[in-house]
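**Student:** What follows is start.txt, made up of compact mmCIF, C-alpha atoms:
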```txt
# COMPACT_ATOMS: atom_id res chain seq x y z
CA MET A 1 33.58 83.61 -30.52
CA THR A 2 34.43 80.54 -32.42
CA ARG A 3 32.20 77.44 -31.91
CA THR A 4 34.02 74.22 -32.31
CA ALA A 5 32.05 71.26 -33.55
CA THR A 6 32.43 68.07 -31.57
CA ARG A 7 32.22 64.79 -33.38
CA SER A 8 30.64 61.84 -31.67
CA PRO A 9 32.78 58.74 -31.65
CA ALA A 10 31.98 56.23 -34.30
CA PRO A 11 29.86 53.32 -33.02
CA THR A 12 31.84 50.24 -32.38
CA THR A 13 30.50 46.81 -33.01
CA ALA A 14 31.03 44.41 -30.08
CA VAL A 15 32.80 41.31 -31.12
CA ARG A 16 31.36 38.27 -29.40
CA GLN A 17 33.92 35.87 -28.17
CA VAL A 18 33.14 32.34 -29.30
CA GLN A 19 34.40 29.83 -26.83
CA ALA A 20 36.08 26.87 -28.31
CA PRO A 21 34.47 23.52 -27.54
CA PRO A 22 36.18 21.56 -24.80
CA PRO A 23 38.51 18.89 -25.97
CA ALA A 24 37.22 15.38 -26.41
CA GLY A 25 39.16 14.24 -23.37
CA GLY A 26 37.37 16.79 -21.13
CA ARG A 27 33.93 15.70 -22.32
CA ARG A 28 34.83 12.08 -21.70
CA ARG A 29 36.11 12.89 -18.23
CA ARG A 30 32.94 14.82 -17.37
CA ARG A 31 30.78 11.95 -18.62
CA LEU A 32 32.74 9.47 -16.50
CA LEU A 33 32.32 11.69 -13.42
CA ASP A 34 28.55 11.91 -13.98
CA GLN A 35 28.31 8.14 -14.35
CA ALA A 36 30.46 7.63 -11.24
CA ARG A 37 28.14 9.85 -9.18
CA ALA A 38 25.07 8.02 -10.50
CA TYR A 39 26.56 4.62 -9.67
CA ALA A 40 27.57 5.88 -6.21
CA PHE A 41 23.93 6.76 -5.44
CA LEU A 42 22.78 3.46 -6.92
CA ILE A 43 25.28 1.45 -4.87
CA GLY A 44 24.09 3.21 -1.70
CA GLY A 45 20.52 2.18 -2.39
CA LEU A 46 21.54 -1.38 -3.21
CA ILE A 47 23.49 -1.62 0.05
CA CYS A 48 20.45 -0.47 2.03
CA PHE A 49 18.23 -3.02 0.27
CA ALA A 50 20.80 -5.75 0.79
CA LEU A 51 21.20 -5.06 4.52
CA PHE A 52 17.60 -4.37 5.49
CA SER A 53 15.57 -6.37 2.95
CA TRP A 54 17.40 -9.06 1.01
CA TYR A 55 19.64 -10.36 3.79
CA PRO A 56 16.76 -10.72 6.32
CA ALA A 57 14.68 -12.55 3.70
CA ILE A 58 17.51 -14.96 2.85
CA ARG A 59 18.28 -15.41 6.55
CA ALA A 60 14.62 -16.24 7.24
CA VAL A 61 14.68 -18.92 4.54
CA VAL A 62 17.78 -20.47 6.14
CA ILE A 63 16.30 -20.37 9.67
CA SER A 64 13.09 -22.01 8.43
CA PHE A 65 15.11 -25.23 8.03
CA GLN A 66 16.75 -24.93 11.46
CA LYS A 67 15.82 -25.28 15.09
CA TYR A 68 16.78 -21.81 16.21
CA THR A 69 16.35 -20.09 19.56
CA PRO A 70 18.27 -17.02 20.73
CA GLY A 71 21.36 -17.86 22.74
CA SER A 72 21.85 -21.34 21.31
CA SER A 73 23.54 -22.62 18.20
CA PRO A 74 21.15 -23.45 15.33
CA GLU A 75 20.48 -27.07 14.50
CA TRP A 76 19.54 -28.21 11.00
CA VAL A 77 16.14 -29.98 11.09
CA GLY A 78 15.14 -29.98 7.41
CA THR A 79 11.40 -29.59 6.85
CA ASP A 80 10.38 -30.34 10.45
CA ASN A 81 9.39 -26.71 11.04
CA PHE A 82 7.05 -26.75 8.06
CA THR A 83 5.51 -30.03 9.24
CA GLN A 84 5.07 -28.64 12.74
CA VAL A 85 3.26 -25.47 11.70
CA TRP A 86 1.20 -27.40 9.14
CA HIS A 87 -0.28 -29.57 11.91
CA ASP A 88 -0.82 -26.63 14.27
CA PRO A 89 -4.59 -26.24 15.01
CA GLU A 90 -4.22 -22.45 14.59
CA PHE A 91 -2.63 -22.84 11.14
CA THR A 92 -5.92 -23.48 9.34
CA ALA A 93 -7.73 -20.76 11.29
CA ALA A 94 -4.99 -18.22 10.54
CA TRP A 95 -5.02 -18.85 6.79
CA ARG A 96 -8.83 -18.93 6.67
CA ASN A 97 -9.11 -15.64 8.57
CA THR A 98 -6.44 -14.03 6.39
CA LEU A 99 -8.15 -15.04 3.15
CA VAL A 100 -11.59 -13.98 4.42
CA PHE A 101 -10.14 -10.67 5.61
CA THR A 102 -8.60 -10.10 2.17
CA LEU A 103 -11.87 -10.85 0.37
CA LEU A 104 -13.87 -8.60 2.69
CA ALA A 105 -11.29 -5.85 2.29
CA LEU A 106 -11.67 -6.08 -1.49
CA LEU A 107 -15.46 -5.93 -1.28
CA VAL A 108 -15.57 -3.10 1.26
CA GLY A 109 -12.27 -1.30 0.99
CA PHE A 110 -11.69 -1.36 -2.75
CA ALA A 111 -14.94 0.20 -3.99
CA ILE A 112 -15.25 2.94 -1.35
CA PRO A 113 -11.99 4.79 -2.25
CA PHE A 114 -12.93 4.76 -5.94
CA VAL A 115 -16.39 6.19 -5.22
CA LEU A 116 -14.91 8.85 -2.94
CA ALA A 117 -12.41 9.80 -5.64
CA LEU A 118 -15.28 10.19 -8.13
CA VAL A 119 -17.13 12.45 -5.70
CA LEU A 120 -14.06 14.57 -4.94
CA ASN A 121 -13.33 14.89 -8.65
CA GLU A 122 -16.80 16.39 -9.24
CA LEU A 123 -16.55 18.98 -6.45
CA ARG A 124 -16.21 22.61 -7.44
CA HIS A 125 -15.51 24.10 -4.02
CA TRP A 126 -13.61 23.06 -0.87
CA LYS A 127 -11.58 20.50 -2.80
CA ALA A 128 -8.41 20.94 -0.73
CA PHE A 129 -10.33 20.72 2.55
CA PHE A 130 -12.04 17.44 1.68
CA ARG A 131 -8.78 15.95 0.40
CA ILE A 132 -7.16 16.70 3.76
CA VAL A 133 -10.14 15.20 5.59
CA VAL A 134 -9.94 12.01 3.52
CA TYR A 135 -6.17 11.71 3.91
CA LEU A 136 -6.09 12.59 7.62
CA PRO A 137 -6.47 8.97 8.93
CA VAL A 138 -3.32 7.95 7.03
CA MET A 139 -1.29 10.44 9.08
CA ILE A 140 -2.42 8.90 12.39
CA PRO A 141 -0.03 6.19 13.67
CA PRO A 142 -1.53 2.71 13.12
CA VAL A 143 -1.40 1.77 16.81
CA VAL A 144 -3.20 4.98 17.78
CA THR A 145 -5.84 4.25 15.16
CA ALA A 146 -6.32 0.72 16.50
CA LEU A 147 -6.64 1.95 20.10
CA LEU A 148 -9.14 4.59 19.01
CA TRP A 149 -11.31 2.01 17.28
CA LYS A 150 -10.93 -0.41 20.20
CA TRP A 151 -12.59 2.19 22.41
CA PHE A 152 -15.15 2.88 19.67
CA TYR A 153 -16.08 -0.84 19.54
CA ASP A 154 -16.31 -1.26 23.32
CA PRO A 155 -19.61 -3.10 23.93
CA GLY A 156 -20.29 -1.14 27.10
CA ALA A 157 -19.45 2.54 26.77
CA GLY A 158 -18.16 2.56 23.20
CA LEU A 159 -19.35 5.25 20.82
CA ALA A 160 -20.71 2.68 18.34
CA ASN A 161 -23.19 1.11 20.75
CA GLU A 162 -24.01 4.44 22.35
CA THR A 163 -25.01 5.74 18.92
CA LEU A 164 -27.14 2.65 18.30
CA ARG A 165 -28.85 3.07 21.68
CA PHE A 166 -29.56 6.72 20.91
CA LEU A 167 -31.20 5.64 17.65
CA HIS A 168 -33.10 2.86 19.48
CA LEU A 169 -31.38 0.20 17.41
CA PRO A 170 -30.00 -3.15 18.63
CA THR A 171 -26.40 -3.05 19.79
CA SER A 172 -23.59 -5.35 18.65
CA ASN A 173 -20.58 -7.06 20.17
CA TRP A 174 -18.44 -5.67 17.32
CA SER A 175 -14.85 -6.83 17.83
CA ASN A 176 -15.86 -9.05 20.77
CA GLY A 177 -18.18 -11.29 18.74
CA THR A 178 -16.99 -14.27 16.74
CA ASP A 179 -19.31 -13.37 13.85
CA THR A 180 -18.58 -9.64 13.75
CA ALA A 181 -14.92 -9.37 14.83
CA LEU A 182 -13.36 -9.86 11.40
CA ILE A 183 -15.63 -7.43 9.55
CA SER A 184 -15.02 -4.91 12.36
CA LEU A 185 -11.29 -5.11 11.66
CA VAL A 186 -11.95 -4.70 7.93
CA ILE A 187 -13.77 -1.44 8.66
CA VAL A 188 -10.82 -0.21 10.73
CA ALA A 189 -8.28 -1.09 8.04
CA THR A 190 -10.41 0.53 5.33
CA TRP A 191 -10.85 3.76 7.27
CA ALA A 192 -7.17 3.96 8.18
CA ASN A 193 -5.66 3.24 4.74
CA MET A 194 -8.07 4.50 2.11
CA GLY A 195 -6.77 8.09 2.07
CA GLY A 196 -3.70 7.36 -0.04
CA THR A 197 -5.72 5.19 -2.43
CA VAL A 198 -8.29 7.97 -2.87
CA LEU A 199 -5.60 10.50 -3.81
CA ILE A 200 -4.04 8.09 -6.33
CA TYR A 201 -7.45 7.50 -7.92
CA LEU A 202 -8.10 11.25 -7.93
CA ALA A 203 -4.83 11.91 -9.75
CA ALA A 204 -5.73 9.25 -12.33
CA LEU A 205 -9.21 10.74 -12.81
CA GLN A 206 -7.82 14.23 -13.36
CA SER A 207 -5.52 12.94 -16.09
CA ILE A 208 -8.49 11.78 -18.21
CA PRO A 209 -9.07 14.15 -21.15
CA GLY A 210 -12.26 16.13 -20.78
CA ASP A 211 -13.06 15.64 -24.48
CA LEU A 212 -13.98 12.02 -23.74
CA TYR A 213 -16.64 13.05 -21.23
CA GLU A 214 -17.96 15.77 -23.56
CA ALA A 215 -18.27 13.26 -26.40
CA ALA A 216 -20.04 10.81 -24.09
CA GLU A 217 -22.49 13.52 -22.96
CA LEU A 218 -23.23 14.47 -26.56
CA ASP A 219 -24.01 10.80 -27.25
CA GLY A 220 -26.52 10.85 -24.40
CA ALA A 221 -24.51 8.74 -21.93
CA SER A 222 -25.72 8.83 -18.34
CA LEU A 223 -23.45 9.25 -15.32
CA LEU A 224 -23.12 5.52 -14.74
CA GLN A 225 -22.45 4.94 -18.44
CA ARG A 226 -19.71 7.58 -18.42
CA VAL A 227 -18.11 5.88 -15.43
CA ARG A 228 -18.37 2.46 -17.05
CA TYR A 229 -17.23 3.31 -20.57
CA VAL A 230 -14.88 6.26 -19.94
CA THR A 231 -13.64 6.41 -16.36
CA ILE A 232 -12.94 2.74 -15.69
CA PRO A 233 -11.19 2.01 -19.02
CA GLN A 234 -9.03 5.12 -18.66
CA THR A 235 -7.99 4.21 -15.11
CA ARG A 236 -7.76 0.45 -15.67
CA PHE A 237 -4.01 0.22 -15.13
CA VAL A 238 -4.19 2.13 -11.82
CA ILE A 239 -7.13 0.00 -10.63
CA LEU A 240 -5.34 -3.27 -11.38
CA MET A 241 -2.10 -2.15 -9.76
CA LEU A 242 -3.83 -0.87 -6.61
CA MET A 243 -5.81 -4.10 -6.38
CA LEU A 244 -2.56 -6.09 -6.38
CA LEU A 245 -1.01 -3.84 -3.73
CA GLN A 246 -4.12 -4.05 -1.57
CA ILE A 247 -4.23 -7.84 -1.73
CA ILE A 248 -0.56 -8.05 -0.72
CA ALA A 249 -1.10 -5.56 2.14
CA THR A 250 -4.25 -7.20 3.51
CA MET A 251 -2.66 -10.63 3.42
CA GLN A 252 -0.11 -9.20 5.87
CA VAL A 253 -2.57 -7.64 8.31
CA PHE A 254 -1.22 -7.59 11.87
CA THR A 255 -1.75 -4.32 13.76
CA GLU A 256 -5.56 -4.47 13.97
CA PRO A 257 -5.87 -8.04 15.33
CA PHE A 258 -2.86 -7.54 17.62
CA VAL A 259 -4.09 -4.34 19.27
CA ILE A 260 -7.88 -4.60 19.07
CA THR A 261 -8.74 -8.28 19.49
CA GLY A 262 -5.53 -10.11 20.40
CA GLY A 263 -6.44 -12.79 17.87
CA GLY A 264 -9.75 -13.55 19.58
CA PRO A 265 -12.45 -14.22 20.29
CA GLU A 266 -11.88 -17.97 19.87
CA ASN A 267 -9.18 -17.41 17.21
CA ALA A 268 -11.70 -15.57 15.03
CA THR A 269 -9.15 -12.90 14.10
CA VAL A 270 -5.86 -14.84 14.19
CA THR A 271 -4.04 -14.04 10.94
CA VAL A 272 -0.89 -15.47 9.44
CA LEU A 273 1.27 -12.56 10.57
CA TYR A 274 -0.21 -12.69 14.06
CA LEU A 275 0.58 -16.43 14.20
CA ILE A 276 4.14 -15.66 13.08
CA TYR A 277 4.39 -13.19 15.97
CA LYS A 278 3.14 -15.84 18.41
CA TYR A 279 5.68 -18.42 17.20
CA ALA A 280 8.57 -15.96 17.44
CA PHE A 281 7.85 -14.01 20.63
CA LEU A 282 5.44 -16.19 22.62
CA TYR A 283 6.58 -19.71 21.75
CA ASN A 284 10.23 -18.67 21.24
CA ASP A 285 10.26 -20.78 18.07
CA PHE A 286 11.97 -18.72 15.38
CA GLY A 287 12.23 -21.71 13.07
CA GLY A 288 8.45 -22.13 12.98
CA ALA A 289 7.97 -18.37 12.56
CA CYS A 290 10.35 -18.31 9.60
CA ALA A 291 8.65 -21.38 8.11
CA LEU A 292 5.30 -19.55 8.17
CA SER A 293 7.00 -16.45 6.70
CA VAL A 294 8.42 -18.49 3.83
CA MET A 295 4.99 -20.00 3.13
CA LEU A 296 3.46 -16.52 2.98
CA LEU A 297 6.32 -15.26 0.80
CA VAL A 298 5.90 -18.10 -1.69
CA LEU A 299 2.12 -17.67 -1.83
CA LEU A 300 2.31 -13.92 -2.43
CA GLY A 301 5.11 -14.34 -4.99
CA VAL A 302 3.18 -16.94 -6.99
CA PHE A 303 0.00 -14.90 -6.80
CA SER A 304 1.75 -11.68 -7.88
CA ALA A 305 3.41 -13.39 -10.84
CA ALA A 306 0.14 -14.99 -11.97
CA TYR A 307 -1.78 -11.73 -11.47
CA LEU A 308 0.70 -9.68 -13.49
CA ARG A 309 0.74 -12.35 -16.18
CA LEU A 310 -3.05 -12.38 -16.49
CA THR A 311 -3.42 -8.59 -16.46
CA ARG A 312 -0.64 -8.22 -19.05
CA SER A 313 -2.24 -10.74 -21.36
CA GLY A 314 -5.57 -8.98 -20.90
CA GLU A 315 -4.02 -5.65 -21.93
CA ASP A 316 -2.50 -7.27 -25.01
CA ASP A 317 -5.94 -8.52 -26.06
CA LEU A 318 -7.42 -5.04 -25.95
```
Would you write out, as structure tokens, the structure that this file holds?
**Tutor:**
Amino acid sequence: MTRTATRSPAPTTAVRQVQAPPPAGGRRRRRLLDQARAYAFLIGGLICFALFSWYPAIRAVVISFQKYTPGSSPEWVGTDNFTQVWHDPEFTAAWRNTLVFTLLALLVGFAIPFVLALVLNELRHWKAFFRIVVYLPVMIPPVVTALLWKWFYDPGAGLANETLRFLHLPTSNWSNGTDTALISLVIVATWANMGGTVLIYLAALQSIPGDLYEAAELDGASLLQRVRYVTIPQTRFVILMLMLLQIIATMQVFTEPFVITGGGPENATVTVLYLIYKYAFLYNDFGGACALSVMLLVLLGVFSAAYLRLTRSGEDDL
């Protein structure tokens, strides 16, 4: 029996096809298409800003120089609207209450989120749970929050005074007292809005290199010294930016005085935005409302420009 030897086929080397680069015209066409798509998205955003932000602002400036009521043709009155609101007895009270509210919000509502962020950053367990607890008030609608605190501040059966009675402590009028109404609203605004600020601070704290804290501990720095010489300088930009945003937001406070106190008692909680609401929807004077809006816009614009200028020059000096 003859055995025939079979030869295995010789290995073949795969030849890799090298694709030729696209012609220059194709690359240029693809680049133009990418730019066209980018500009299409940009134009869509600009249209939204123009319709819902820029046009209303420009329209408000125009109406501030007109006598305007719905259903009638506007009449140009020059600066009469500004003169009218300037001599309004509530004008001074509204600006005073707004400025005091802003200062109290900075004293109470600016330090608490930073301290809470420091505490959350040091936790080793249950971090996610406490972050949700801190952020939970932000997810509650502002009107619901105001109604909840209105019941809490009720001088009769409110939870605040009931707690004080249980502890045998003197009760308070809270939002119904001329001396305590504004600080009561500051507490509400702080509780309702600090969750987002805490998370921003926490993200800034977690971006600080741990080597800085280790070096500070080796040098014998205490906890307060580490916060002062490591934490605050490393988060300085975030602190300054959040301070600017908080000042702008608190200068436009409206929901708390509208729902909880109605501007009272005795105009103790009338703010600029609440006065704008009264001019527009109670007095039916849209010219006066727009005049107050323009005043607030100019004040916040000048303040923001000066604040950014000062903080920028301070960073350059460091």
**Student:** Pick from A:Ala93, A:Ala268, A:Met139, A:Leu199: nearest to Asp179 in chain A, with all atoms listed in the file counted?
**Tutor:**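 Looking at the shortest contact to Asp179 in chain A, the residue is A:Ala268.
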**Student:** So what do you get for CA of Ile58 in chain A versus CA of Val298 in chain A, distance-wise?
**Tutor:** 12.9 Å
**Student:** For a quick check of understanding, using all atoms listed in the file, which of A:Val227, A:Ala38, A:Ala50, A:Ala192 has the smallest distance to Thr145 in chain A?
**Tutor:**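 Comparing A:Val227, A:Ala38, A:Ala50, A:Ala192 against Thr145 in chain A, the winner is A:Ala192.
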**Student:** Report, in Å to a single decimal, how far apart CA of Ala94 in chain A and CA of Val272 in chain A are.
**Tutor:**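 Going from CA of Val272 in chain A over to CA of Ala94 in chain A covers 5.1 Å.
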**Student:** Go through A:Gly220, A:Gly78, A:Gly45, A:Pro137 one by one, measure the shortest atom-to-atom distance of each to Val61 in chain A using all atoms listed in the file, and give the residue with the smallest value.
**Tutor:**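 Looking at the shortest contact to Val61 in chain A, the residue is A:Gly78.
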**Student:** So that I can see what lies close to range 246-249 of chain A, please list as a PyMOL selection string the residues with an atom at most 8 Å from it, counting only C-alpha atoms and leaving out residues fewer than 5 positions away in the same chain.
**Tutor:** chain A and resi 102+106+300
**Student:** Would you save the residues from that selection as an mmCIF file, in the coordinates of the input, using C-alpha atoms?
**Tutor:**
```cif
data_model
loop_
_atom_site.group_PDB
_atom_site.id
_atom_site.type_symbol
_atom_site.label_atom_id
_atom_site.label_comp_id
_atom_site.auth_asym_id
_atom_site.auth_seq_id
_atom_site.Cartn_x
_atom_site.Cartn_y
_atom_site.Cartn_z
ATOM 1 C CA THR A 102 -8.600 -10.100 2.170
ATOM 2 C CA LEU A 106 -11.670 -6.080 -1.490
ATOM 3 C CA LEU A 300 2.310 -13.920 -2.430
#
```
**Student:** Only N, CA, C and O atoms needed: put range 274-293 of chain A from the block into a file as a short mmCIF file (atom, residue, chain, number, x, y, z; two decimals), in the first residue's frame.
**Tutor:**
```cif
data_model
loop_
_atom_site.label_atom_id
_atom_site.label_comp_id
_atom_site.auth_asym_id
_atom_site.auth_seq_id
_atom_site.Cartn_x
_atom_site.Cartn_y
_atom_site.Cartn_z
N TYR A 274 -40.95 92.79 44.30
CA TYR A 274 -42.34 92.77 44.75
C TYR A 274 -43.02 94.09 44.40
O TYR A 274 -44.20 94.12 44.02
N LEU A 275 -42.30 95.21 44.50
CA LEU A 275 -42.85 96.50 44.11
C LEU A 275 -43.08 96.56 42.60
O LEU A 275 -44.07 97.16 42.15
N ILE A 276 -42.20 95.96 41.83
CA ILE A 276 -42.42 95.87 40.38
C ILE A 276 -43.70 95.11 40.08
O ILE A 276 -44.50 95.51 39.22
N TYR A 277 -43.91 94.01 40.79
CA TYR A 277 -45.16 93.24 40.63
C TYR A 277 -46.38 94.09 40.96
O TYR A 277 -47.39 94.06 40.25
N LYS A 278 -46.30 94.88 42.03
CA LYS A 278 -47.45 95.71 42.41
C LYS A 278 -47.74 96.77 41.35
O LYS A 278 -48.91 97.01 41.02
N TYR A 279 -46.69 97.39 40.82
CA TYR A 279 -46.91 98.40 39.77
C TYR A 279 -47.55 97.77 38.54
O TYR A 279 -48.46 98.36 37.93
N ALA A 280 -47.10 96.58 38.16
CA ALA A 280 -47.58 95.98 36.91
C ALA A 280 -48.97 95.39 37.05
O ALA A 280 -49.84 95.62 36.19
N PHE A 281 -49.23 94.63 38.12
CA PHE A 281 -50.44 93.83 38.19
C PHE A 281 -51.46 94.33 39.21
O PHE A 281 -52.60 93.84 39.20
N LEU A 282 -51.08 95.24 40.08
CA LEU A 282 -52.04 95.83 41.01
C LEU A 282 -52.39 97.27 40.61
O LEU A 282 -53.56 97.66 40.64
N TYR A 283 -51.37 98.05 40.25
CA TYR A 283 -51.61 99.42 39.82
C TYR A 283 -51.86 99.54 38.32
O TYR A 283 -52.24 100.61 37.85
N ASN A 284 -51.62 98.48 37.57
CA ASN A 284 -51.78 98.48 36.11
C ASN A 284 -50.92 99.56 35.45
O ASN A 284 -51.31 100.17 34.46
N ASP A 285 -49.74 99.77 36.02
CA ASP A 285 -48.81 100.79 35.52
C ASP A 285 -47.53 100.08 35.04
O ASP A 285 -46.57 99.92 35.79
N PHE A 286 -47.55 99.66 33.78
CA PHE A 286 -46.40 98.92 33.25
C PHE A 286 -45.21 99.84 33.01
O PHE A 286 -44.07 99.38 33.02
N GLY A 287 -45.46 101.12 32.78
CA GLY A 287 -44.35 102.05 32.63
C GLY A 287 -43.55 102.20 33.91
O GLY A 287 -42.32 102.17 33.90
N GLY A 288 -44.25 102.34 35.05
CA GLY A 288 -43.54 102.41 36.33
C GLY A 288 -42.83 101.11 36.66
O GLY A 288 -41.71 101.12 37.19
N ALA A 289 -43.47 99.96 36.36
CA ALA A 289 -42.83 98.68 36.61
C ALA A 289 -41.55 98.53 35.79
O ALA A 289 -40.51 98.07 36.30
N CYS A 290 -41.59 98.94 34.53
CA CYS A 290 -40.39 98.84 33.69
C CYS A 290 -39.33 99.84 34.14
O CYS A 290 -38.13 99.56 34.03
N ALA A 291 -39.75 101.01 34.64
CA ALA A 291 -38.77 101.97 35.15
C ALA A 291 -38.01 101.38 36.35
O ALA A 291 -36.78 101.50 36.44
N LEU A 292 -38.73 100.74 37.26
CA LEU A 292 -38.06 100.07 38.39
C LEU A 292 -37.16 98.95 37.90
O LEU A 292 -36.06 98.75 38.43
N SER A 293 -37.61 98.20 36.88
CA SER A 293 -36.79 97.10 36.35
C SER A 293 -35.50 97.63 35.75
O SER A 293 -34.42 97.03 35.93
#
```
